[in-house]
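Shown next: query-v7.cif, given as mmCIF, C-alpha atoms.
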data_input
#
loop_
_atom_site.label_atom_id
_atom_site.label_comp_id
_atom_site.auth_asym_id
_atom_site.auth_seq_id
_atom_site.Cartn_x
_atom_site.Cartn_y
_atom_site.Cartn_z
CA MET A 30 89.15 91.10 148.92
CA ILE A 31 87.08 88.05 148.05
CA ASP A 32 84.01 90.25 147.62
CA ALA A 33 85.94 92.55 145.30
CA LYS A 34 87.09 89.63 143.16
CA THR A 35 83.60 88.21 143.09
CA SER A 36 82.22 91.59 142.05
CA GLN A 37 84.83 91.90 139.35
CA THR A 38 84.04 88.37 138.09
CA GLN A 39 80.34 89.18 137.97
CA SER A 40 81.09 92.44 136.16
CA ASP A 41 83.24 90.63 133.59
CA ALA A 42 80.51 88.03 133.10
CA SER A 43 77.97 90.80 132.60
CA SER A 44 80.25 92.50 130.07
CA THR A 45 80.70 89.21 128.24
CA ASP A 46 76.93 88.75 128.06
CA THR A 47 76.57 92.26 126.70
CA LEU A 48 79.20 91.65 124.04
CA ARG A 49 77.53 88.43 123.04
CA GLY A 50 74.33 90.32 122.65
CA LEU A 51 76.10 92.90 120.53
CA GLU A 52 77.46 90.39 118.09
CA SER A 53 74.24 88.42 117.73
CA PRO A 54 71.70 89.80 115.31
CA ALA A 55 68.53 90.97 116.93
CA GLY A 56 65.77 88.45 117.08
CA VAL A 57 68.19 85.50 116.95
CA SER A 58 68.63 83.31 119.93
CA GLY A 59 69.98 79.85 120.49
CA LYS A 60 73.23 78.04 121.10
CA PHE A 61 76.13 78.30 118.72
CA PRO A 62 77.94 74.96 118.85
CA GLN A 63 81.09 76.01 117.04
CA ASP A 64 83.09 79.19 116.77
CA GLY A 65 83.75 79.16 113.05
CA GLY A 66 84.02 76.24 110.66
CA VAL A 67 84.05 76.04 106.85
CA GLN A 68 80.53 77.38 106.39
CA ALA A 69 81.20 80.23 108.80
CA TRP A 70 84.39 81.38 107.09
CA LEU A 71 82.74 81.03 103.69
CA CYS A 72 80.10 83.40 105.05
CA VAL A 73 82.83 85.89 106.00
CA PHE A 74 84.34 85.57 102.53
CA GLY A 75 80.96 86.14 100.87
CA ALA A 76 80.24 89.12 103.12
CA PHE A 77 83.63 90.62 102.22
CA LEU A 78 82.69 90.39 98.53
CA ALA A 79 79.21 91.78 99.13
CA LEU A 80 80.58 94.77 101.04
CA PHE A 81 83.28 95.28 98.40
CA CYS A 82 80.56 95.66 95.76
CA SER A 83 78.01 97.55 97.84
CA PHE A 84 79.54 99.91 100.40
CA GLY A 85 82.70 100.08 98.31
CA GLN A 86 80.64 101.75 95.56
CA LEU A 87 79.21 104.20 98.07
CA ASN A 88 82.70 105.09 99.29
CA ALA A 89 83.73 105.87 95.71
CA PHE A 90 81.03 108.44 94.96
CA GLY A 91 83.59 111.25 95.03
CA THR A 92 84.88 109.85 91.74
CA PHE A 93 81.46 110.30 90.14
CA GLN A 94 80.96 113.72 91.79
CA SER A 95 84.12 115.04 90.14
CA TRP A 96 83.38 113.39 86.76
CA TYR A 97 79.81 114.70 86.60
CA ALA A 98 81.00 118.23 87.40
CA GLU A 99 83.27 118.12 84.34
CA HIS A 100 81.09 116.16 81.91
CA GLU A 101 77.45 114.94 82.06
CA LEU A 102 76.24 117.47 84.66
CA GLN A 103 78.74 120.29 84.18
CA GLU A 104 75.98 122.90 84.01
CA LEU A 105 74.87 122.09 87.59
CA PRO A 106 76.47 123.37 90.83
CA ALA A 107 78.30 120.96 93.14
CA SER A 108 75.56 121.18 95.78
CA THR A 109 73.01 119.88 93.27
CA ILE A 110 75.21 117.02 92.05
CA SER A 111 75.96 115.95 95.62
CA TRP A 112 72.26 115.19 96.18
CA ILE A 113 72.85 112.00 94.18
CA GLY A 114 75.40 110.70 96.68
CA SER A 115 73.40 112.01 99.64
CA LEU A 116 70.31 110.13 98.45
CA GLN A 117 72.44 106.98 98.24
CA LEU A 118 73.40 107.43 101.88
CA TRP A 119 69.85 108.22 103.00
CA VAL A 120 68.26 105.22 101.29
CA PHE A 121 71.09 102.96 102.52
CA PHE A 122 70.80 104.05 106.16
CA PHE A 123 67.01 104.36 106.25
CA SER A 124 66.51 100.87 104.83
CA GLY A 125 68.44 99.25 107.68
CA GLY A 126 65.51 98.90 110.08
CA PHE A 127 63.20 97.30 107.50
CA ILE A 128 65.85 94.97 106.10
CA GLY A 129 66.78 93.85 109.60
CA ARG A 130 63.23 92.74 110.32
CA VAL A 131 63.11 90.65 107.13
CA PHE A 132 66.47 89.07 107.99
CA ASP A 133 65.26 88.09 111.46
CA THR A 134 62.39 86.15 109.89
CA HIS A 135 63.76 84.79 106.62
CA GLY A 136 67.58 84.90 106.71
CA PRO A 137 70.01 86.59 104.29
CA ARG A 138 69.43 85.07 100.85
CA VAL A 139 65.82 86.14 100.44
CA ILE A 140 67.15 89.72 100.74
CA MET A 141 70.46 89.38 98.92
CA ILE A 142 69.09 87.81 95.73
CA PRO A 143 66.74 90.72 94.90
CA GLY A 144 69.41 93.06 96.30
CA THR A 145 71.88 91.81 93.70
CA VAL A 146 69.32 92.32 90.93
CA ILE A 147 68.57 95.86 92.10
CA LEU A 148 72.27 96.74 92.52
CA VAL A 149 73.30 95.51 89.06
CA PHE A 150 70.20 96.96 87.39
CA SER A 151 70.84 100.37 88.96
CA ILE A 152 74.47 100.35 87.77
CA MET A 153 73.46 99.43 84.22
CA MET A 154 70.79 102.15 84.21
CA THR A 155 73.36 104.66 85.47
CA SER A 156 75.50 103.88 82.43
CA LEU A 157 72.58 105.02 80.21
CA CYS A 158 71.75 108.19 82.14
CA LYS A 159 71.99 111.58 80.45
CA HIS A 160 69.85 113.84 82.63
CA TYR A 161 70.03 114.78 86.30
CA TYR A 162 66.72 113.18 87.32
CA GLN A 163 67.86 109.90 85.75
CA PHE A 164 71.03 109.87 87.86
CA VAL A 165 68.96 110.62 90.97
CA LEU A 166 66.63 107.68 90.32
CA ALA A 167 69.24 105.14 89.19
CA GLN A 168 72.36 105.99 91.19
CA GLY A 169 70.76 107.82 94.08
CA ILE A 170 67.68 105.80 95.04
CA LEU A 171 67.99 102.37 93.38
CA LEU A 172 71.70 101.93 94.05
CA GLY A 173 71.27 103.00 97.69
CA LEU A 174 68.57 100.35 98.15
CA GLY A 175 70.68 97.65 96.50
CA ILE A 176 73.64 98.53 98.74
CA GLY A 177 71.49 98.21 101.86
CA MET A 178 70.04 94.85 100.76
CA LEU A 179 73.55 93.42 100.49
CA PHE A 180 75.25 95.20 103.40
CA TYR A 181 72.92 94.51 106.33
CA PRO A 182 72.11 90.80 105.82
CA SER A 183 75.78 89.99 105.11
CA LEU A 184 76.97 91.39 108.44
CA SER A 185 74.02 89.98 110.39
CA ALA A 186 74.61 86.49 108.98
CA ILE A 187 78.21 86.43 110.21
CA SER A 188 77.03 86.96 113.79
CA THR A 189 75.12 83.68 113.80
CA HIS A 190 78.28 81.66 113.10
CA PHE A 191 80.71 83.09 115.66
CA SER A 192 80.89 83.81 119.36
CA ARG A 193 84.45 84.45 120.59
CA ARG A 194 85.77 85.47 117.16
CA ARG A 195 82.77 87.51 116.05
CA GLY A 196 84.62 90.82 116.29
CA THR A 197 87.45 89.57 114.09
CA ALA A 198 85.06 88.01 111.59
CA VAL A 199 82.91 91.13 111.29
CA GLY A 200 86.03 93.31 111.03
CA ILE A 201 87.36 91.23 108.12
CA ALA A 202 84.04 91.57 106.31
CA LEU A 203 83.88 95.32 106.96
CA ALA A 204 87.36 95.67 105.47
CA GLY A 205 85.77 94.70 102.16
CA SER A 206 84.04 98.07 101.99
CA GLY A 207 87.38 99.80 102.47
CA VAL A 208 89.07 97.68 99.80
CA GLY A 209 86.21 98.51 97.43
CA GLY A 210 86.67 102.17 98.24
CA VAL A 211 90.33 101.86 97.25
CA VAL A 212 89.82 99.87 94.06
CA TYR A 213 86.75 101.57 92.56
CA PRO A 214 88.09 105.16 92.26
CA ILE A 215 91.30 103.97 90.59
CA MET A 216 89.54 101.48 88.32
CA LEU A 217 86.73 103.83 87.29
CA ARG A 218 88.99 106.78 86.56
CA ARG A 219 91.21 104.59 84.38
CA LEU A 220 88.20 103.14 82.55
CA PHE A 221 86.59 106.57 82.11
CA SER A 222 89.58 107.69 80.06
CA GLU A 223 90.04 104.43 78.13
CA VAL A 224 86.51 103.21 77.28
CA GLY A 225 84.28 106.15 78.24
CA PHE A 226 81.80 106.67 81.06
CA SER A 227 79.06 104.31 79.88
CA TRP A 228 81.22 101.24 79.38
CA ALA A 229 83.27 101.97 82.50
CA VAL A 230 80.11 101.85 84.61
CA ARG A 231 78.86 98.71 82.80
CA ILE A 232 82.16 96.92 83.44
CA SER A 233 81.84 97.71 87.15
CA GLY A 234 78.29 96.33 86.98
CA PHE A 235 79.47 93.03 85.47
CA ILE A 236 82.13 92.76 88.17
CA CYS A 237 79.48 93.34 90.83
CA LEU A 238 77.24 90.70 89.28
CA ALA A 239 79.98 88.05 89.35
CA LEU A 240 81.06 88.82 92.91
CA CYS A 241 77.50 89.08 94.24
CA ILE A 242 76.61 85.67 92.80
CA VAL A 243 79.48 84.21 94.83
CA ALA A 244 78.35 86.21 97.88
CA VAL A 245 74.76 84.94 97.63
CA GLY A 246 76.05 81.38 97.38
CA THR A 247 78.34 81.63 100.41
CA VAL A 248 76.53 83.96 102.86
CA SER A 249 74.19 81.97 105.08
CA SER A 250 72.95 82.10 108.64
CA ASN A 251 73.61 79.33 111.15
CA PRO A 252 70.78 76.76 110.81
CA SER A 253 70.98 75.99 114.54
CA ALA A 254 69.94 79.55 115.43
CA THR A 255 66.32 79.87 116.53
CA ARG A 256 64.56 82.89 115.05
CA HIS A 257 61.98 85.07 116.74
CA SER A 258 60.26 88.29 115.78
CA ARG A 259 62.13 91.40 116.74
CA PRO A 260 60.64 93.50 119.51
CA CYS A 261 59.15 96.87 118.66
CA ILE A 262 60.69 100.05 119.98
CA LYS A 263 59.43 100.78 123.50
CA VAL A 264 58.53 104.26 124.71
CA SER A 265 61.05 103.76 127.51
CA VAL A 266 63.89 103.89 124.97
CA PHE A 267 63.42 107.65 124.74
CA LYS A 268 64.15 107.90 128.47
CA ASP A 269 67.49 106.12 128.02
CA VAL A 270 69.74 109.18 128.20
CA PRO A 271 73.03 107.53 127.05
CA PHE A 272 71.30 106.01 124.01
CA MET A 273 69.64 109.31 123.10
CA LEU A 274 73.02 111.05 123.41
CA VAL A 275 74.61 108.45 121.12
CA ILE A 276 71.88 109.13 118.54
CA LEU A 277 72.36 112.90 118.91
CA GLY A 278 76.12 112.55 118.52
CA SER A 279 75.71 110.26 115.51
CA CYS A 280 73.45 112.83 113.85
CA PHE A 281 76.09 115.56 114.17
CA ILE A 282 78.85 113.19 113.04
CA SER A 283 76.89 111.93 110.03
CA LEU A 284 76.20 115.51 108.98
CA GLY A 285 79.90 116.12 108.36
CA LEU A 286 81.45 112.66 108.12
CA PHE A 287 80.96 112.02 104.40
CA ILE A 288 81.83 115.53 103.16
CA PRO A 289 85.58 114.82 102.77
CA SER A 290 84.95 111.72 100.67
CA PHE A 291 82.50 113.66 98.45
CA TYR A 292 84.74 116.68 97.84
CA ILE A 293 88.37 115.63 98.40
CA VAL A 294 88.93 114.97 94.68
CA ASP A 295 87.55 118.37 93.61
CA TYR A 296 89.59 120.00 96.38
CA ALA A 297 92.80 118.35 95.15
CA ILE A 298 92.13 119.43 91.56
CA SER A 299 91.54 123.02 92.74
CA TYR A 300 95.09 123.03 94.11
CA SER A 301 96.59 122.02 90.76
CA VAL A 302 96.77 118.29 91.39
CA ALA A 303 96.31 116.49 88.06
CA PRO A 304 92.81 114.96 87.77
CA ALA A 305 94.29 111.52 87.05
CA THR A 306 96.28 111.76 90.30
CA ALA A 307 93.58 113.42 92.43
CA PHE A 308 91.46 110.27 92.41
CA TYR A 309 94.23 108.45 94.26
CA VAL A 310 93.64 110.75 97.24
CA LEU A 311 90.17 109.23 97.67
CA SER A 312 91.66 105.75 97.42
CA VAL A 313 94.19 106.59 100.13
CA MET A 314 91.33 107.82 102.35
CA ASN A 315 89.48 104.55 101.87
CA ALA A 316 92.69 102.58 102.49
CA GLY A 317 93.00 104.34 105.84
CA GLY A 318 89.43 103.26 106.52
CA ILE A 319 90.43 99.59 106.19
CA LEU A 320 92.85 99.93 109.10
CA GLY A 321 90.33 102.03 111.02
CA ARG A 322 87.76 99.24 110.79
CA LEU A 323 90.24 96.68 112.14
CA GLY A 324 92.61 98.34 114.63
CA PRO A 325 90.39 100.48 116.91
CA PRO A 326 87.70 97.78 117.39
CA TRP A 327 90.43 95.32 118.43
CA LEU A 328 91.91 97.92 120.81
CA SER A 329 88.47 98.74 122.23
CA ASP A 330 88.16 95.23 123.67
CA ALA A 331 90.94 96.14 126.08
CA LEU A 332 90.39 99.88 126.64
CA GLY A 333 86.62 100.24 126.25
CA ARG A 334 84.44 100.87 123.21
CA PHE A 335 83.17 104.30 124.21
CA ASN A 336 86.67 105.43 125.18
CA ILE A 337 88.09 104.53 121.77
CA LEU A 338 85.03 105.83 119.89
CA VAL A 339 85.17 109.26 121.53
CA ALA A 340 88.92 109.59 120.90
CA CYS A 341 88.72 108.52 117.25
CA VAL A 342 85.73 110.72 116.38
CA PHE A 343 87.30 113.77 118.05
CA LEU A 344 90.57 113.19 116.16
CA ALA A 345 88.64 112.77 112.90
CA GLY A 346 87.02 116.19 113.39
CA LEU A 347 90.29 117.74 114.52
CA SER A 348 92.11 116.41 111.45
CA VAL A 349 89.52 118.13 109.24
CA LEU A 350 89.76 121.47 111.07
CA VAL A 351 93.53 121.56 111.44
CA PHE A 352 95.01 119.32 108.76
CA TRP A 353 92.63 119.62 105.79
CA THR A 354 92.47 123.41 106.13
CA PHE A 355 96.20 123.71 105.42
CA ALA A 356 96.65 120.74 103.06
CA HIS A 357 97.55 122.46 99.80
CA SER A 358 100.04 119.97 98.35
CA LEU A 359 99.63 116.40 97.16
CA VAL A 360 101.75 115.00 100.00
CA ALA A 361 99.78 116.89 102.64
CA LEU A 362 96.50 115.78 101.08
CA MET A 363 97.61 112.15 101.06
CA LEU A 364 98.56 112.36 104.75
CA PHE A 365 95.24 113.98 105.64
CA ALA A 366 93.32 111.40 103.63
CA ALA A 367 95.05 108.50 105.40
CA LEU A 368 94.51 110.00 108.87
CA TYR A 369 90.89 110.95 108.30
CA GLY A 370 90.10 107.61 106.68
CA PHE A 371 91.50 105.80 109.70
CA PHE A 372 89.58 107.77 112.34
CA SER A 373 86.31 107.98 110.40
CA GLY A 374 86.49 104.25 109.68
CA ALA A 375 86.70 103.65 113.42
CA PHE A 376 83.38 105.44 113.93
CA ASN A 377 81.68 103.21 111.36
CA ALA A 378 83.05 100.11 113.09
CA LEU A 379 82.40 101.10 116.72
CA VAL A 380 79.06 102.90 116.85
CA VAL A 381 76.97 99.70 116.71
CA PRO A 382 79.02 97.92 119.42
CA CYS A 383 78.58 100.99 121.63
CA VAL A 384 74.80 100.92 121.14
CA ALA A 385 74.69 97.22 121.99
CA GLN A 386 76.79 97.80 125.11
CA ILE A 387 74.07 100.02 126.62
CA SER A 388 71.07 98.05 125.33
CA ASP A 389 69.04 95.06 126.38
CA ILE A 390 70.09 92.13 124.17
CA ARG A 391 66.47 91.63 123.07
CA GLU A 392 66.28 95.25 121.81
CA ASN A 393 69.57 95.42 119.92
CA GLY A 394 68.09 95.01 116.45
CA ALA A 395 65.31 97.50 117.05
CA ARG A 396 67.77 100.05 118.39
CA PHE A 397 70.18 99.54 115.49
CA GLY A 398 67.34 100.14 113.04
CA MET A 399 66.26 103.23 114.96
CA LEU A 400 69.81 104.61 114.96
CA TYR A 401 70.37 104.10 111.22
CA SER A 402 66.94 105.39 110.25
CA ILE A 403 67.45 108.60 112.23
CA ILE A 404 70.99 109.34 111.03
CA SER A 405 69.87 108.82 107.44
CA PHE A 406 68.45 112.36 107.47
CA PRO A 407 71.63 114.28 108.45
CA SER A 408 73.56 112.02 106.06
CA LEU A 409 71.17 113.18 103.33
CA CYS A 410 71.74 116.87 104.11
CA GLY A 411 75.51 116.93 104.67
CA GLY A 412 76.69 116.83 101.05
CA PRO A 413 74.26 119.45 99.69
CA ALA A 414 74.94 121.73 102.68
CA ALA A 415 78.66 121.54 101.96
CA GLY A 416 78.01 122.26 98.29
CA ALA A 417 75.88 125.26 99.21
CA LEU A 418 78.70 126.63 101.38
CA LEU A 419 81.13 126.10 98.53
CA LYS A 420 78.81 127.96 96.14
CA ALA A 421 78.37 130.80 98.66
CA HIS A 422 82.14 131.34 98.55
CA GLY A 423 82.18 131.54 94.77
CA GLY A 424 83.08 127.89 94.25
CA SER A 425 86.77 128.57 94.87
CA SER A 426 87.09 128.69 98.67
CA TYR A 427 86.58 125.43 100.57
CA THR A 428 87.16 126.95 104.01
CA GLY A 429 83.50 127.25 104.99
CA MET A 430 82.76 123.70 103.91
CA ILE A 431 85.79 122.35 105.80
CA MET A 432 84.85 124.26 108.97
CA PHE A 433 81.30 122.93 108.76
CA SER A 434 82.46 119.33 108.35
CA GLY A 435 85.04 119.47 111.14
CA ALA A 436 82.83 121.36 113.58
CA THR A 437 79.88 118.97 113.27
CA ILE A 438 82.14 115.95 113.82
CA VAL A 439 83.76 117.53 116.89
CA VAL A 440 80.34 118.45 118.35
CA GLY A 441 79.25 114.86 117.74
CA SER A 442 82.31 113.57 119.60
CA LEU A 443 81.41 115.77 122.59
CA CYS A 444 77.91 114.25 122.62
CA MET A 445 79.52 110.81 122.61
CA LEU A 446 81.74 111.91 125.51
CA TRP A 447 78.62 113.07 127.37
CA ALA A 448 77.04 109.65 126.80
CA ARG A 449 80.20 107.94 128.05
CA LEU A 450 80.23 110.06 131.24
CA ARG A 451 76.56 109.29 131.86
CA ILE A 452 77.51 105.61 131.91
CA ASP A 453 80.49 106.10 134.23
CA ARG A 454 81.93 109.44 135.35
CA LYS A 455 85.31 107.91 136.19
CA ILE A 456 87.80 108.87 133.49
CA PHE A 457 90.22 105.93 133.67
CA VAL A 458 87.63 103.19 133.47
CA ARG A 459 86.94 100.72 130.66
CA VAL A 460 83.60 101.81 129.18
#

Represent the structure of the file as structure tokens.
Amino acid sequence: MIDAKTSQTQSDASSTDTLRGLESPAGVSGKFPQDGGVQAWLCVFGAFLALFCSFGQLNAFGTFQSWYAEHELQELPASTISWIGSLQLWVFFFSGGFIGRVFDTHGPRVIMIPGTVILVFSIMMTSLCKHYYQFVLAQGILLGLGIGMLFYPSLSAISTHFSRRRGTAVGIALAGSGVGGVVYPIMLRRLFSEVGFSWAVRISGFICLALCIVAVGTVSSNPSATRHSRPCIKVSVFKDVPFMLVILGSCFISLGLFIPSFYIVDYAISYSVAPATAFYVLSVMNAGGILGRLGPPWLSDALGRFNILVACVFLAGLSVLVFWTFAHSLVALMLFAALYGFFSGAFNALVVPCVAQISDIRENGARFGMLYSIISFPSLCGGPAAGALLKAHGGSSYTGMIMFSGATIVVGSLCMLWARLRIDRKIFVRV
């Protein structure tokens, strides 16, 4: 009995060490003397604002997708327009590894200051765009880079200020992206009709500028943290079966995960929902994502991160296949949007903790960068593939696109389940 308790204590200590490694940015070591404090919570506040402006814009691309299809780019098919949003995702994800290395050496502000300039500049250039290639350059590539340069250093900086409350602090900051995803579609649609596209986009740019200035002034890393260079990826990482399965599952999930947010507004309009009302469906989806970024991560501390991740991702795919397929009224669409937003938001919040749980603390940053760089490619292809399926069905039937989105997410959840079983085959165990 004593041996069992000792073993359990050692296991808990090991789990605690792993979680500490998860919540510390890669390449940062040292002792954190306080769990919070004024500077730390100011960092959380600044990160919330940075994510509101950056990832919140990315979450609102469905608003632009629908507007372009009716106005500036109405001569182009949906699959072509969606390349703008897909390029945003690709640049955002792919930049994670490079930005992480700079953060490990120089801290957040040296990244966030030029990131703010790039973000605001790209928004202002988008307001002047008239041709497709201009939107691709300004809103697709430049905006994606600006989003990454604000998103990654903001979250990494929080980790240097907290130990026991890191999960809560990071969750609060991540909620900023969901709040931005709620506010931007409503605000932009209202401004589009009142002041026109160009000035609506410029106003959003001025808002981003003001909030990002505050974010740059408040986001900072703990000065007591000792910085080291991040380790390079080792060949042995490719022999780590659970990690490879997580990457495989994330690729499938990323292929279909963003399709609902890209096309839900167009889908609602196709079922006679007024355009002014249809944009609220996207806001409801992003509102569900706020809860999904807070609730499941908190629950996973008690029930296991992989257990909660697998369940949430599977339910996200199932909601697409079963619920979205038959959602033909505004009420049904709102319910689907809230459910899907919740479960998809949980994936965004839990995938990194799951990677850290199965990784050496010293390799966390390198593995995070590897994960995001790899899933950038399926994220790039998902939107255009869905648009191609929509075009193949005459532009009126969304069934093929919905089946594609739901199926890829469900397959991804099965890969995650496989990874979880490779770690521990016992079903009722905290993993």

Kindly resolve the PyMOL selection byres ((chain A and resi 424-438) around 9) on the present coordinates and return the residues as a ChimeraX atom specification.
/A:106-107,278-289,296,299,342-343,345-351,353-354,411,414-423,439-443

Evaluating the PyMOL selection byres ((chain A and resi 369-377) around 8) on the displayed file yields which residues, as a list in words?
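Output from the PyMOL selection byres ((chain A and resi 369-377) around 8), applied to this file: Leu286, Val313, Met314, Asn315, Ala316, Gly317, Gly318, Ile319, Leu320, Gly321, Arg322, Leu323, Pro325, Pro326, Leu338, Cys341, Val342, Leu344, Ala345, Ser348, Val349, Phe365, Ala366, Ala367, Leu368, Ala378, Leu379, Val380 and Val381 of chain A.
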
Residues near stretch 231-239 of chain A, cut-off 9 Å, all atoms listed in the file, skip fewer than 6 positions along chain, as a list of chain:residue names
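The filter keeps A:Leu78, A:Ala79, A:Phe81, A:Cys82, A:Ser83, A:Thr145, A:Val146, A:Leu148, A:Val149, A:Phe150, A:Ser151, A:Ile152, A:Met153, A:Met154, A:Thr155, A:Ser156, A:Tyr213, A:Met216, A:Leu217, A:Leu220.
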
In Å, rounded to a single decimal, give me how far atom CA of A:Val120 is from atom CA of A:Phe406.
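It comes out at 9.4 Å.
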
Need the neighbours of (71.6, 85.5, 101.1): which residues are at most 12 Å away, counting only C-alpha atoms, as an MDAnalysis selection string?
chainID A and resid 72 75:76 79 131:132 135:145 178:187 241:251

Close residues, A:Tyr300 itself excluded, 10 Å, all atoms listed in the file, min 4 positions apart in chain, as JSON, numbers by chain
{"A": [295, 296, 307, 356, 357, 358, 359]}

Determine the axis-aligned bounding box of all atoms of stretch 441-444 of chain A present in the file, pad each side by 4 Å, and express its centre and edge lengths in Å to one decimal place as JSON.
{"center_x": 80.1, "center_y": 114.7, "center_z": 120.2, "size_x": 12.4, "size_y": 10.2, "size_z": 12.9}

For a test of reading the model, state the distance in Å between atom CA of A:Phe127 and atom CA of A:Val199, rounded to one decimal.
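According to the coordinates, atom CA of A:Phe127 and atom CA of A:Val199 are separated by 21.0 Å.
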
Contact residues around A:Pro271 with only C-alpha atoms at 10 Å, ignoring same-chain residues under 3 positions, as a VMD selection string:
chain A and resid 267 to 268 274 to 277 384 387 to 388 444 to 452

What does the distance between atom CA of A:Gly85 and atom CA of A:Gly205 come to in Å, to one decimal place?
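About the pair atom CA of A:Gly85 and atom CA of A:Gly205: they are 7.3 Å apart.
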
Between A:Arg396, A:Ser301, A:Tyr161, A:Ser312, which is the closest to A:Val264 once you count all atoms listed in the file?
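So, comparing all the options, the nearest one is A:Arg396.
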
Set the distance at 9 Å and use all atoms listed in the file: which residues neighbour stretch 361-363 of chain A once local chain neighbours fewer than 6 positions away are removed? I'd like the list as a PDB file with C-alpha atoms, in the frame of the given file.
ATOM      1  CA  ILE A 293      88.370 115.630  98.400  1.00  0.00           C
ATOM      2  CA  ALA A 297      92.800 118.350  95.150  1.00  0.00           C
ATOM      3  CA  TYR A 309      94.230 108.450  94.260  1.00  0.00           C
ATOM      4  CA  VAL A 310      93.640 110.750  97.240  1.00  0.00           C
ATOM      5  CA  LEU A 311      90.170 109.230  97.670  1.00  0.00           C
ATOM      6  CA  VAL A 313      94.190 106.590 100.130  1.00  0.00           C
ATOM      7  CA  MET A 314      91.330 107.820 102.350  1.00  0.00           C
ATOM      8  CA  PHE A 352      95.010 119.320 108.760  1.00  0.00           C
ATOM      9  CA  TRP A 353      92.630 119.620 105.790  1.00  0.00           C
ATOM     10  CA  PHE A 355      96.200 123.710 105.420  1.00  0.00           C
TER      11      PHE A 355
END

Counting all atoms listed in the file, the residue of A:Ile176, A:Phe397, A:Glu99, A:Trp70 that sits nearest A:Ser206
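For A:Ser206, the nearest of the given residues is A:Ile176.
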
Hey, what comes out of the PyMOL selection byres ((chain A and resi 115) around 8) on this file? Could you write it as a list in words?
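Applied to this file, the PyMOL selection byres ((chain A and resi 115) around 8) returns Ser111, Trp112, Ile113, Gly114, Leu116, Gln117, Leu118, Trp119, Gly169, Ser408, Leu409, Cys410, Gly411, Gly412 and Pro413 of chain A.
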
Residues of the last selection are to be written out with C-alpha atoms, as an mmCIF file, in the coordinates of the input.
data_model
loop_
_atom_site.group_PDB
_atom_site.id
_atom_site.type_symbol
_atom_site.label_atom_id
_atom_site.label_comp_id
_atom_site.auth_asym_id
_atom_site.auth_seq_id
_atom_site.Cartn_x
_atom_site.Cartn_y
_atom_site.Cartn_z
ATOM 1 C CA SER A 111 75.960 115.950 95.620
ATOM 2 C CA TRP A 112 72.260 115.190 96.180
ATOM 3 C CA ILE A 113 72.850 112.000 94.180
ATOM 4 C CA GLY A 114 75.400 110.700 96.680
ATOM 5 C CA LEU A 116 70.310 110.130 98.450
ATOM 6 C CA GLN A 117 72.440 106.980 98.240
ATOM 7 C CA LEU A 118 73.400 107.430 101.880
ATOM 8 C CA TRP A 119 69.850 108.220 103.000
ATOM 9 C CA GLY A 169 70.760 107.820 94.080
ATOM 10 C CA SER A 408 73.560 112.020 106.060
ATOM 11 C CA LEU A 409 71.170 113.180 103.330
ATOM 12 C CA CYS A 410 71.740 116.870 104.110
ATOM 13 C CA GLY A 411 75.510 116.930 104.670
ATOM 14 C CA GLY A 412 76.690 116.830 101.050
ATOM 15 C CA PRO A 413 74.260 119.450 99.690
#

Taking into account all atoms listed in the file, which residue in the set A:Gly200, A:Gly210, A:Gly173, A:Pro304 is nearest to A:Ile147?
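Of A:Gly200, A:Gly210, A:Gly173, A:Pro304, the one nearest A:Ile147 is A:Gly173, counting all atoms listed in the file.
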
Using all atoms listed in the file, find the one residue out of A:Gly175, A:Gly324, A:Pro214, A:Gly398 that sits nearest to A:Gly125.
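Among the listed residues, A:Gly398 lies closest to A:Gly125.
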
Which is closest to A:Ala198 among A:Phe457, A:Tyr97, A:Phe84, A:Phe77, if we use all atoms listed in the file?
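When distances to A:Ala198 are compared using all atoms listed in the file, the smallest one comes from A:Phe77.
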
Which of these, A:Asn336, A:Trp96, A:Thr109, A:Leu166, has the shortest distance to A:Ser222 once you count only C-alpha atoms?
A:Trp96
